[in-house]
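With mmCIF, C-alpha atoms inside, this is start_4.cif:
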data_entry
loop_
_atom_site.group_PDB
_atom_site.id
_atom_site.type_symbol
_atom_site.label_atom_id
_atom_site.label_comp_id
_atom_site.auth_asym_id
_atom_site.auth_seq_id
_atom_site.Cartn_x
_atom_site.Cartn_y
_atom_site.Cartn_z
ATOM 1 C CA GLY Q 1412 -13.827 5.403 0.825
ATOM 2 C CA ALA Q 1413 -13.430 4.641 -2.831
ATOM 3 C CA VAL Q 1414 -13.520 1.056 -4.030
ATOM 4 C CA VAL Q 1415 -10.831 -0.671 -6.025
ATOM 5 C CA SER Q 1416 -11.543 -4.194 -7.183
ATOM 6 C CA GLN Q 1417 -8.758 -6.583 -8.096
ATOM 7 C CA HIS Q 1418 -9.343 -9.880 -9.827
ATOM 8 C CA PRO Q 1419 -8.588 -12.705 -9.389
ATOM 9 C CA SER Q 1420 -7.911 -12.967 -5.658
ATOM 10 C CA TRP Q 1421 -5.713 -15.960 -6.210
ATOM 11 C CA VAL Q 1422 -4.420 -17.883 -9.188
ATOM 12 C CA ILE Q 1423 -2.292 -20.946 -9.731
ATOM 13 C CA CYS Q 1424 -0.622 -21.347 -13.083
ATOM 14 C CA LYS Q 1425 1.919 -23.586 -14.734
ATOM 15 C CA SER Q 1426 5.428 -22.417 -15.351
ATOM 16 C CA GLY Q 1427 5.759 -20.818 -18.777
ATOM 17 C CA THR Q 1428 2.175 -19.610 -19.019
ATOM 18 C CA SER Q 1429 0.935 -16.027 -18.720
ATOM 19 C CA VAL Q 1430 -1.428 -14.630 -16.143
ATOM 20 C CA LYS Q 1431 -3.489 -11.450 -16.308
ATOM 21 C CA ILE Q 1432 -4.564 -9.526 -13.224
ATOM 22 C CA GLU Q 1433 -7.210 -6.818 -13.446
ATOM 23 C CA CYS Q 1434 -7.562 -3.728 -11.300
ATOM 24 C CA ARG Q 1435 -10.723 -1.646 -11.511
ATOM 25 C CA SER Q 1436 -11.698 1.568 -9.782
ATOM 26 C CA LEU Q 1437 -15.419 1.128 -9.264
ATOM 27 C CA ASP Q 1438 -16.635 4.525 -8.194
ATOM 28 C CA PHE Q 1439 -14.065 7.033 -9.336
ATOM 29 C CA GLN Q 1440 -11.825 7.747 -12.273
ATOM 30 C CA ALA Q 1441 -8.254 6.881 -11.479
ATOM 31 C CA THR Q 1442 -5.783 8.970 -13.387
ATOM 32 C CA THR Q 1443 -2.983 6.849 -12.030
ATOM 33 C CA MET Q 1444 -2.746 3.212 -11.050
ATOM 34 C CA PHE Q 1445 0.114 1.532 -9.275
ATOM 35 C CA TRP Q 1446 1.227 -2.053 -9.160
ATOM 36 C CA TYR Q 1447 3.037 -3.445 -6.151
ATOM 37 C CA ARG Q 1448 4.589 -6.731 -5.280
ATOM 38 C CA GLN Q 1449 4.765 -7.963 -1.720
ATOM 39 C CA PHE Q 1450 6.907 -10.823 -0.479
ATOM 40 C CA PRO Q 1451 5.990 -12.615 2.736
ATOM 41 C CA LYS Q 1452 6.400 -10.435 5.802
ATOM 42 C CA GLN Q 1453 7.784 -7.595 3.726
ATOM 43 C CA SER Q 1454 6.636 -4.203 2.610
ATOM 44 C CA LEU Q 1455 5.140 -3.305 -0.714
ATOM 45 C CA MET Q 1456 7.577 -2.810 -3.533
ATOM 46 C CA LEU Q 1457 6.387 -0.501 -6.264
ATOM 47 C CA MET Q 1458 6.727 -2.180 -9.634
ATOM 48 C CA ALA Q 1459 5.270 0.390 -11.969
ATOM 49 C CA THR Q 1460 3.068 3.408 -12.314
ATOM 50 C CA SER Q 1461 0.564 3.608 -15.107
ATOM 51 C CA ASN Q 1462 -1.340 6.587 -16.385
ATOM 52 C CA GLU Q 1463 -4.373 6.184 -18.557
ATOM 53 C CA GLY Q 1464 -3.524 6.185 -22.231
ATOM 54 C CA SER Q 1465 0.226 6.218 -21.842
ATOM 55 C CA LYS Q 1466 3.020 3.743 -21.292
ATOM 56 C CA ALA Q 1467 3.706 2.584 -17.769
ATOM 57 C CA THR Q 1468 6.731 3.808 -15.878
ATOM 58 C CA TYR Q 1469 8.640 0.906 -14.391
ATOM 59 C CA GLU Q 1470 10.796 1.010 -11.291
ATOM 60 C CA GLN Q 1471 14.418 0.091 -11.574
ATOM 61 C CA GLY Q 1472 14.948 -3.641 -11.752
ATOM 62 C CA VAL Q 1473 11.447 -4.493 -12.939
ATOM 63 C CA GLU Q 1474 11.370 -6.172 -16.346
ATOM 64 C CA LYS Q 1475 8.833 -4.372 -18.473
ATOM 65 C CA ASP Q 1476 8.674 -7.192 -21.012
ATOM 66 C CA LYS Q 1477 7.836 -9.650 -18.279
ATOM 67 C CA PHE Q 1478 5.320 -7.549 -16.407
ATOM 68 C CA LEU Q 1479 3.115 -5.994 -19.053
ATOM 69 C CA ILE Q 1480 0.895 -3.195 -17.857
ATOM 70 C CA ASN Q 1481 -2.015 -1.763 -19.765
ATOM 71 C CA HIS Q 1482 -4.101 1.172 -18.597
ATOM 72 C CA ALA Q 1483 -6.637 1.518 -21.351
ATOM 73 C CA SER Q 1484 -9.254 3.478 -19.431
ATOM 74 C CA LEU Q 1485 -9.637 5.599 -16.324
ATOM 75 C CA THR Q 1486 -11.166 2.664 -14.485
ATOM 76 C CA LEU Q 1487 -9.121 -0.335 -15.596
ATOM 77 C CA SER Q 1488 -5.498 -1.357 -15.501
ATOM 78 C CA THR Q 1489 -4.138 -4.832 -16.126
ATOM 79 C CA LEU Q 1490 -0.896 -6.522 -15.177
ATOM 80 C CA THR Q 1491 0.132 -9.527 -17.241
ATOM 81 C CA VAL Q 1492 2.893 -11.739 -15.927
ATOM 82 C CA THR Q 1493 4.328 -13.331 -19.048
ATOM 83 C CA SER Q 1494 6.085 -16.677 -19.139
ATOM 84 C CA ALA Q 1495 5.665 -17.036 -15.414
ATOM 85 C CA HIS Q 1496 8.231 -18.868 -13.329
ATOM 86 C CA PRO Q 1497 8.072 -20.074 -9.734
ATOM 87 C CA GLU Q 1498 10.117 -17.060 -8.593
ATOM 88 C CA ASP Q 1499 7.286 -14.837 -9.816
ATOM 89 C CA SER Q 1500 5.049 -16.331 -7.143
ATOM 90 C CA SER Q 1501 4.065 -13.467 -4.901
ATOM 91 C CA PHE Q 1502 1.255 -11.248 -3.695
ATOM 92 C CA TYR Q 1503 0.466 -8.512 -6.203
ATOM 93 C CA ILE Q 1504 -1.496 -5.445 -5.158
ATOM 94 C CA CYS Q 1505 -2.828 -2.602 -7.258
ATOM 95 C CA SER Q 1506 -3.817 0.820 -6.108
ATOM 96 C CA ALA Q 1507 -5.581 3.672 -7.781
ATOM 97 C CA GLY Q 1508 -5.459 7.351 -7.155
ATOM 98 C CA THR Q 1509 -5.970 10.758 -8.584
ATOM 99 C CA ASP Q 1510 -3.489 13.547 -8.994
ATOM 100 C CA ARG Q 1511 -5.250 15.736 -6.486
ATOM 101 C CA GLU Q 1512 -2.688 16.754 -3.937
ATOM 102 C CA GLY Q 1513 -2.933 15.087 -0.557
ATOM 103 C CA THR Q 1514 -5.408 12.426 -1.552
ATOM 104 C CA GLU Q 1515 -4.864 8.870 -0.451
ATOM 105 C CA ALA Q 1516 -4.528 5.949 -2.767
ATOM 106 C CA PHE Q 1517 -7.030 3.110 -2.592
ATOM 107 C CA PHE Q 1518 -5.969 -0.483 -2.783
ATOM 108 C CA GLY Q 1519 -7.306 -3.611 -4.323
ATOM 109 C CA GLN Q 1520 -7.567 -6.742 -2.220
ATOM 110 C CA GLY Q 1521 -4.493 -8.258 -3.810
ATOM 111 C CA THR Q 1522 -3.819 -11.317 -5.951
ATOM 112 C CA ARG Q 1523 -1.904 -14.320 -4.682
ATOM 113 C CA LEU Q 1524 -0.036 -15.799 -7.648
ATOM 114 C CA THR Q 1525 1.465 -19.247 -7.353
ATOM 115 C CA VAL Q 1526 3.474 -20.607 -10.254
ATOM 116 C CA VAL Q 1527 4.017 -24.348 -10.208
ATOM 117 C CA ALA Y 476 16.039 10.602 -0.923
ATOM 118 C CA GLN Y 477 12.458 10.468 0.262
ATOM 119 C CA SER Y 478 11.811 7.644 2.667
ATOM 120 C CA VAL Y 479 9.734 6.290 5.500
ATOM 121 C CA ALA Y 480 11.101 4.341 8.445
ATOM 122 C CA GLN Y 481 9.253 2.072 10.825
ATOM 123 C CA PRO Y 482 11.877 1.111 13.408
ATOM 124 C CA GLU Y 483 9.932 -1.750 14.961
ATOM 125 C CA ASP Y 484 9.308 -5.005 13.112
ATOM 126 C CA GLN Y 485 6.802 -6.037 15.745
ATOM 127 C CA VAL Y 486 4.878 -4.483 18.609
ATOM 128 C CA ASN Y 487 3.252 -6.555 21.331
ATOM 129 C CA VAL Y 488 0.604 -5.121 23.597
ATOM 130 C CA ALA Y 489 -2.033 -6.472 25.939
ATOM 131 C CA GLU Y 490 -5.680 -5.924 25.140
ATOM 132 C CA GLY Y 491 -6.957 -2.764 26.778
ATOM 133 C CA ASN Y 492 -3.541 -1.137 26.931
ATOM 134 C CA PRO Y 493 -2.565 1.826 24.782
ATOM 135 C CA LEU Y 494 -0.538 1.101 21.664
ATOM 136 C CA THR Y 495 1.963 3.099 19.643
ATOM 137 C CA VAL Y 496 3.413 2.170 16.278
ATOM 138 C CA LYS Y 497 6.302 4.403 15.325
ATOM 139 C CA CYS Y 498 7.038 6.094 12.017
ATOM 140 C CA THR Y 499 9.571 8.671 10.917
ATOM 141 C CA TYR Y 500 9.893 10.204 7.498
ATOM 142 C CA SER Y 501 12.278 12.085 5.288
ATOM 143 C CA VAL Y 502 10.751 14.142 2.502
ATOM 144 C CA SER Y 503 11.399 17.400 0.772
ATOM 145 C CA GLY Y 504 8.558 19.856 0.923
ATOM 146 C CA ASN Y 505 5.295 19.356 2.736
ATOM 147 C CA PRO Y 506 4.710 15.767 3.777
ATOM 148 C CA TYR Y 507 1.484 13.957 2.997
ATOM 149 C CA LEU Y 508 1.507 11.121 5.516
ATOM 150 C CA PHE Y 509 -0.718 8.073 5.731
ATOM 151 C CA TRP Y 510 -1.311 4.977 7.783
ATOM 152 C CA TYR Y 511 -2.674 1.778 6.282
ATOM 153 C CA VAL Y 512 -3.535 -1.577 7.835
ATOM 154 C CA GLN Y 513 -3.246 -4.952 6.142
ATOM 155 C CA TYR Y 514 -4.919 -8.167 7.245
ATOM 156 C CA PRO Y 515 -3.602 -11.544 5.991
ATOM 157 C CA ASN Y 516 -3.932 -12.042 2.235
ATOM 158 C CA ARG Y 517 -5.753 -8.758 1.840
ATOM 159 C CA GLY Y 518 -4.986 -5.415 0.309
ATOM 160 C CA LEU Y 519 -4.344 -2.308 2.345
ATOM 161 C CA GLN Y 520 -7.051 -0.387 4.152
ATOM 162 C CA PHE Y 521 -6.693 3.330 4.689
ATOM 163 C CA LEU Y 522 -6.702 4.395 8.351
ATOM 164 C CA LEU Y 523 -5.877 8.082 8.404
ATOM 165 C CA LYS Y 524 -3.836 10.831 6.849
ATOM 166 C CA TYR Y 525 -2.133 14.092 7.648
ATOM 167 C CA ILE Y 526 -2.153 16.808 5.036
ATOM 168 C CA THR Y 527 -2.234 20.045 6.979
ATOM 169 C CA GLY Y 528 -3.860 21.549 10.044
ATOM 170 C CA ASP Y 529 -4.094 19.940 13.473
ATOM 171 C CA ASN Y 530 -1.144 17.780 14.350
ATOM 172 C CA LEU Y 531 -3.380 15.143 15.922
ATOM 173 C CA VAL Y 532 -5.307 13.274 13.270
ATOM 174 C CA LYS Y 533 -8.160 10.917 14.074
ATOM 175 C CA GLY Y 534 -8.959 8.010 11.827
ATOM 176 C CA SER Y 535 -10.840 4.749 11.510
ATOM 177 C CA TYR Y 536 -11.393 2.160 14.278
ATOM 178 C CA GLY Y 537 -10.326 4.549 17.053
ATOM 179 C CA PHE Y 538 -6.815 5.098 15.726
ATOM 180 C CA GLU Y 539 -5.106 8.454 15.751
ATOM 181 C CA ALA Y 540 -1.700 9.732 14.760
ATOM 182 C CA GLU Y 541 0.366 12.683 15.814
ATOM 183 C CA PHE Y 542 2.367 14.658 13.309
ATOM 184 C CA ASN Y 543 5.559 16.096 14.799
ATOM 185 C CA LYS Y 544 7.422 18.271 12.347
ATOM 186 C CA SER Y 545 10.506 18.855 14.497
ATOM 187 C CA GLN Y 546 10.980 15.126 15.027
ATOM 188 C CA THR Y 547 9.766 14.228 11.522
ATOM 189 C CA SER Y 548 7.526 11.611 13.066
ATOM 190 C CA PHE Y 549 3.986 10.397 12.538
ATOM 191 C CA HIS Y 550 3.351 7.769 15.198
ATOM 192 C CA LEU Y 551 0.126 5.774 15.166
ATOM 193 C CA LYS Y 552 -1.708 5.462 18.466
ATOM 194 C CA LYS Y 553 -4.779 3.952 20.031
ATOM 195 C CA PRO Y 554 -5.820 4.454 23.654
ATOM 196 C CA SER Y 555 -7.092 0.910 24.181
ATOM 197 C CA ALA Y 556 -5.999 -1.971 21.973
ATOM 198 C CA LEU Y 557 -8.279 -4.762 20.814
ATOM 199 C CA VAL Y 558 -7.302 -8.288 19.814
ATOM 200 C CA SER Y 559 -8.870 -7.550 16.426
ATOM 201 C CA ASP Y 560 -6.324 -4.765 15.909
ATOM 202 C CA SER Y 561 -3.662 -7.421 15.348
ATOM 203 C CA ALA Y 562 -2.449 -6.856 11.797
ATOM 204 C CA LEU Y 563 0.344 -5.386 9.720
ATOM 205 C CA TYR Y 564 0.553 -1.591 9.747
ATOM 206 C CA PHE Y 565 2.216 0.531 7.122
ATOM 207 C CA CYS Y 566 3.210 4.151 7.357
ATOM 208 C CA ALA Y 567 3.439 5.880 3.998
ATOM 209 C CA VAL Y 568 4.245 9.196 2.425
ATOM 210 C CA ARG Y 569 2.818 10.420 -0.840
ATOM 211 C CA VAL Y 570 5.319 12.304 -2.945
ATOM 212 C CA ASN Y 571 5.156 14.153 -6.195
ATOM 213 C CA THR Y 572 7.855 13.041 -8.585
ATOM 214 C CA GLY Y 573 6.247 14.323 -11.731
ATOM 215 C CA GLY Y 574 3.151 12.427 -10.633
ATOM 216 C CA PHE Y 575 2.097 11.233 -7.220
ATOM 217 C CA LYS Y 576 3.299 7.948 -5.841
ATOM 218 C CA THR Y 577 3.245 6.381 -2.394
ATOM 219 C CA ILE Y 578 6.366 5.280 -0.560
ATOM 220 C CA PHE Y 579 5.826 2.721 2.199
ATOM 221 C CA GLY Y 580 7.667 1.917 5.349
ATOM 222 C CA ALA Y 581 8.708 -1.656 5.971
ATOM 223 C CA GLY Y 582 5.635 -2.358 8.055
ATOM 224 C CA THR Y 583 5.125 -3.163 11.722
ATOM 225 C CA ARG Y 584 3.308 -6.255 12.854
ATOM 226 C CA LEU Y 585 1.047 -5.570 15.829
ATOM 227 C CA PHE Y 586 0.112 -8.416 18.165
ATOM 228 C CA VAL Y 587 -2.563 -7.732 20.748
ATOM 229 C CA LYS Y 588 -2.899 -10.436 23.381
ATOM 230 C CA ALA Y 589 -6.128 -11.109 25.204
#
Show the structure stored in the file as structure tokens.
Amino acid sequence: GAVVSQHPSWVICKSGTSVKIECRSLDFQATTMFWYRQFPKQSLMLMATSNEGSKATYEQGVEKDKFLINHASLTLSTLTVTSAHPEDSSFYICSAGTDREGTEAFFGQGTRLTVV
Amino acid sequence: AQSVAQPEDQVNVAEGNPLTVKCTYSVSGNPYLFWYVQYPNRGLQFLLKYITGDNLVKGSYGFEAEFNKSQTSFHLKKPSALVSDSALYFCAVRVNTGGFKTIFGAGTRLFVKA
């Protein structure tokens, strides 16, 4: 299957700092990328959907000024957690897909963010 | 509303026995259904999908799933479980809401005992 690379795999940052997470589709052009957040032993919660060259669409309850998403190219999307706080600590997963009907999305390996 | 339900938080099975992980869905239009597996601190790996055609879909690692339209179900099955199958399994449906996005079930943790 297609490969989606997410970096870093884990990061520890101080409260109040910002952290950037990258998501790259390595062998296909992803028209759409998705960012999820997963709490321990829970399902994936969709945070936002980003299409290349346009503003991200955020799910209800997700602060767009806190979770900045940039999708500058068909192979790269970034999520920046601004002014991170301990409650932002979580597992963040990106996925990439195309708009071809019936195709599956491919997932990055996830990023474990710990804010201390 | 479009949704996916996985009624079991956890499934326990002995190695060598058949396993079933249940999933039901509620979507408008034709469902595009998927199963993914997640190992600790990892992203999701695609197992199989149903788009159209045969109701029994075969996927990776010996898994299969049966699409049942009348029961709106898409249960994941494997004839003989392995200890290495122990993981978190997600059923998902891909919907078009002016762009495709994936809706996940809550996940079912599978424990296979030796």
**Prompt:** Expanded to explicit residues, what is the PyMOL selection byres ((chain Q and resi 1438) around 8) for this file, as an MDAnalysis selection string?
**Reply:** chainID Q and resid 1413:1414 1436:1437 1439:1440
I'd like a table as CSV: residues in chain Y with an atom no more than 10 Å from chain Q, each row giving the shortest atom pair and its distance in Å to one decimal, all atoms listed in the file counted, sorted by chain and rising residue number.
residue,atom,partner,partner_atom,distance
Y:Asp484,CA,Q:Lys1452,CA,9.6
Y:Asn505,CA,Q:Gly1513,CA,9.8
Y:Pro506,CA,Q:Gly1513,CA,8.8
Y:Tyr507,CA,Q:Gly1513,CA,5.8
Y:Leu508,CA,Q:Gly1513,CA,8.5
Y:Phe509,CA,Q:Glu1515,CA,7.5
Y:Trp510,CA,Q:Glu1515,CA,9.8
Y:Tyr511,CA,Q:Phe1518,CA,9.9
Y:Gln513,CA,Q:Gln1520,CA,9.6
Y:Tyr514,CA,Q:Gln1520,CA,9.9
Y:Asn516,CA,Q:Gly1521,CA,7.2
Y:Arg517,CA,Q:Gln1520,CA,4.9
Y:Gly518,CA,Q:Gln1520,CA,3.8
Y:Leu519,CA,Q:Phe1518,CA,5.7
Y:Gln520,CA,Q:Phe1518,CA,7.0
Y:Phe521,CA,Q:Phe1517,CA,7.3
Y:Leu523,CA,Q:Glu1515,CA,8.9
Y:Lys524,CA,Q:Glu1515,CA,7.6
Y:Tyr525,CA,Q:Gly1513,CA,8.3
Y:Ile526,CA,Q:Gly1513,CA,5.9
Y:Thr527,CA,Q:Gly1513,CA,9.0
Y:Leu563,CA,Q:Lys1452,CA,8.8
Y:Tyr564,CA,Q:Ser1454,CA,9.7
Y:Phe565,CA,Q:Ser1454,CA,7.9
Y:Ala567,CA,Q:Glu1515,CA,9.9
Y:Val568,CA,Q:Glu1515,CA,9.6
Y:Arg569,CA,Q:Gly1513,CA,7.4
Y:Val570,CA,Q:Gly1513,CA,9.0
Y:Asn571,CA,Q:Glu1512,CA,8.6
Y:Gly574,CA,Q:Asp1510,CA,6.9
Y:Phe575,CA,Q:Asp1510,CA,6.3
Y:Lys576,CA,Q:Thr1460,CA,7.9
Y:Thr577,CA,Q:Ala1516,CA,7.8
Y:Ile578,CA,Q:Leu1457,CA,8.1
Y:Phe579,CA,Q:Leu1455,CA,6.7
Y:Gly580,CA,Q:Ser1454,CA,6.8
Y:Ala581,CA,Q:Ser1454,CA,4.7
Y:Gly582,CA,Q:Ser1454,CA,5.8
Y:Thr583,CA,Q:Ser1454,CA,9.3
Y:Arg584,CA,Q:Lys1452,CA,8.8
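Taking CA of Val512 in chain Y and CA of Ile1432 in chain Q as endpoints, the distance between them is 22.5 Å.
Of the residues under consideration (Y:Val486, Y:Ala540, Y:Ala589, Y:Val532), Y:Ala589 shows the shortest atom-to-atom contact distance to Ser559 in chain Y when counting only C-alpha atoms.
Separating CA of Lys1475 in chain Q from CA of Ser1494 in chain Q is a distance of 12.6 Å.
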**Point-to-point distance from CA of Lys552 in chain Y to CA of Phe538 in chain Y, Å rounded to tenths** = 5.8 Å
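The smallest atom-to-atom distance between Gly491 in chain Y and any of Y:Ser503, Y:Asn530, Y:Asn543, Y:Ser555, using all atoms listed in the file, is found for Y:Ser555.
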**Asked** If you apply the PyMOL selection byres ((chain Y and resi 560) around 9) to this file, what residues do you get, as a VMD selection string?
**Response** chain Y and resid 536 556 to 559 561 to 562 585 to 587
**Request:** With the file shown as input, list the residues that the PyMOL selection byres ((chain Q and resi 1479-1485) around 7) selects, as number ranges by chain.
**Result:** Q: 1440-1442, 1461-1464, 1467, 1475-1478, 1486-1492
Serialized selection, C-alpha atoms, as a compact mmCIF listing (two decimals), keeping the file's coordinate frame:
# COMPACT_ATOMS: atom_id res chain seq x y z
CA GLN Q 1440 -11.82 7.75 -12.27
CA ALA Q 1441 -8.25 6.88 -11.48
CA THR Q 1442 -5.78 8.97 -13.39
CA SER Q 1461 0.56 3.61 -15.11
CA ASN Q 1462 -1.34 6.59 -16.39
CA GLU Q 1463 -4.37 6.18 -18.56
CA GLY Q 1464 -3.52 6.18 -22.23
CA ALA Q 1467 3.71 2.58 -17.77
CA LYS Q 1475 8.83 -4.37 -18.47
CA ASP Q 1476 8.67 -7.19 -21.01
CA LYS Q 1477 7.84 -9.65 -18.28
CA PHE Q 1478 5.32 -7.55 -16.41
CA THR Q 1486 -11.17 2.66 -14.48
CA LEU Q 1487 -9.12 -0.34 -15.60
CA SER Q 1488 -5.50 -1.36 -15.50
CA THR Q 1489 -4.14 -4.83 -16.13
CA LEU Q 1490 -0.90 -6.52 -15.18
CA THR Q 1491 0.13 -9.53 -17.24
CA VAL Q 1492 2.89 -11.74 -15.93
**Item:** Shortest interatomic distance to Ser548 in chain Y - which of Y:Cys566, Y:Leu522, Y:Ala476, Y:Asn487, counting only C-alpha atoms
**Value:** Y:Cys566
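With all atoms listed in the file taken into account, the protein and nucleic acid residues at most 8 Å from Ser1501 in chain Q (excluding it and anything under 6 positions from it in its own chain) are Q:Arg1448, Q:Gln1449, Q:Phe1450, Q:Pro1451, Q:Arg1523, Q:Leu1524, Q:Thr1525.
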**Message:** Report as a list in words all protein, DNA and RNA residues lying within 8 Å of Gly1427 in chain Q, evaluated on only C-alpha atoms, omitting residues in the same chain fewer than 2 positions from it.
**Reply:** Lys1425, Ser1429, Thr1493, Ser1494, Ala1495 and His1496 of chain Q
Output range 552-564 of chain Y as a PDB file, in the coordinates of the input, making sure N, CA, C and O atoms are there.
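The resulting part-v9.pdb:
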ATOM      1  N   LYS Y 552      -1.360   5.753  17.087  1.00  0.00           N
ATOM      2  CA  LYS Y 552      -1.708   5.462  18.466  1.00  0.00           C
ATOM      3  C   LYS Y 552      -3.163   5.027  18.583  1.00  0.00           C
ATOM      4  O   LYS Y 552      -3.987   5.353  17.740  1.00  0.00           O
ATOM      5  N   LYS Y 553      -3.400   4.287  19.675  1.00  0.00           N
ATOM      6  CA  LYS Y 553      -4.779   3.952  20.031  1.00  0.00           C
ATOM      7  C   LYS Y 553      -4.830   3.827  21.547  1.00  0.00           C
ATOM      8  O   LYS Y 553      -3.978   3.163  22.142  1.00  0.00           O
ATOM      9  N   PRO Y 554      -5.790   4.442  22.191  1.00  0.00           N
ATOM     10  CA  PRO Y 554      -5.820   4.454  23.654  1.00  0.00           C
ATOM     11  C   PRO Y 554      -6.013   3.073  24.280  1.00  0.00           C
ATOM     12  O   PRO Y 554      -5.489   2.793  25.345  1.00  0.00           O
ATOM     13  N   SER Y 555      -6.781   2.215  23.596  1.00  0.00           N
ATOM     14  CA  SER Y 555      -7.092   0.910  24.181  1.00  0.00           C
ATOM     15  C   SER Y 555      -7.121  -0.137  23.065  1.00  0.00           C
ATOM     16  O   SER Y 555      -8.027  -0.142  22.239  1.00  0.00           O
ATOM     17  N   ALA Y 556      -6.131  -1.007  23.071  1.00  0.00           N
ATOM     18  CA  ALA Y 556      -5.999  -1.971  21.973  1.00  0.00           C
ATOM     19  C   ALA Y 556      -7.016  -3.105  22.075  1.00  0.00           C
ATOM     20  O   ALA Y 556      -7.410  -3.526  23.172  1.00  0.00           O
ATOM     21  N   LEU Y 557      -7.405  -3.598  20.910  1.00  0.00           N
ATOM     22  CA  LEU Y 557      -8.279  -4.762  20.814  1.00  0.00           C
ATOM     23  C   LEU Y 557      -7.533  -5.907  20.137  1.00  0.00           C
ATOM     24  O   LEU Y 557      -6.642  -5.668  19.307  1.00  0.00           O
ATOM     25  N   VAL Y 558      -7.925  -7.129  20.466  1.00  0.00           N
ATOM     26  CA  VAL Y 558      -7.302  -8.288  19.814  1.00  0.00           C
ATOM     27  C   VAL Y 558      -7.459  -8.187  18.296  1.00  0.00           C
ATOM     28  O   VAL Y 558      -6.561  -8.531  17.533  1.00  0.00           O
ATOM     29  N   SER Y 559      -8.596  -7.680  17.860  1.00  0.00           N
ATOM     30  CA  SER Y 559      -8.870  -7.550  16.426  1.00  0.00           C
ATOM     31  C   SER Y 559      -8.006  -6.502  15.737  1.00  0.00           C
ATOM     32  O   SER Y 559      -8.009  -6.406  14.501  1.00  0.00           O
ATOM     33  N   ASP Y 560      -7.252  -5.725  16.510  1.00  0.00           N
ATOM     34  CA  ASP Y 560      -6.324  -4.765  15.909  1.00  0.00           C
ATOM     35  C   ASP Y 560      -5.049  -5.449  15.420  1.00  0.00           C
ATOM     36  O   ASP Y 560      -4.233  -4.831  14.731  1.00  0.00           O
ATOM     37  N   SER Y 561      -4.861  -6.690  15.772  1.00  0.00           N
ATOM     38  CA  SER Y 561      -3.662  -7.421  15.348  1.00  0.00           C
ATOM     39  C   SER Y 561      -3.613  -7.488  13.829  1.00  0.00           C
ATOM     40  O   SER Y 561      -4.528  -8.017  13.195  1.00  0.00           O
ATOM     41  N   ALA Y 562      -2.566  -6.949  13.259  1.00  0.00           N
ATOM     42  CA  ALA Y 562      -2.449  -6.856  11.797  1.00  0.00           C
ATOM     43  C   ALA Y 562      -1.091  -6.254  11.476  1.00  0.00           C
ATOM     44  O   ALA Y 562      -0.269  -6.014  12.358  1.00  0.00           O
ATOM     45  N   LEU Y 563      -0.890  -6.015  10.196  1.00  0.00           N
ATOM     46  CA  LEU Y 563       0.344  -5.386   9.720  1.00  0.00           C
ATOM     47  C   LEU Y 563       0.038  -3.932   9.383  1.00  0.00           C
ATOM     48  O   LEU Y 563      -0.912  -3.652   8.654  1.00  0.00           O
ATOM     49  N   TYR Y 564       0.815  -3.009   9.917  1.00  0.00           N
ATOM     50  CA  TYR Y 564       0.553  -1.591   9.747  1.00  0.00           C
ATOM     51  C   TYR Y 564       1.676  -0.942   8.942  1.00  0.00           C
ATOM     52  O   TYR Y 564       2.864  -1.145   9.217  1.00  0.00           O
TER      53      TYR Y 564
END
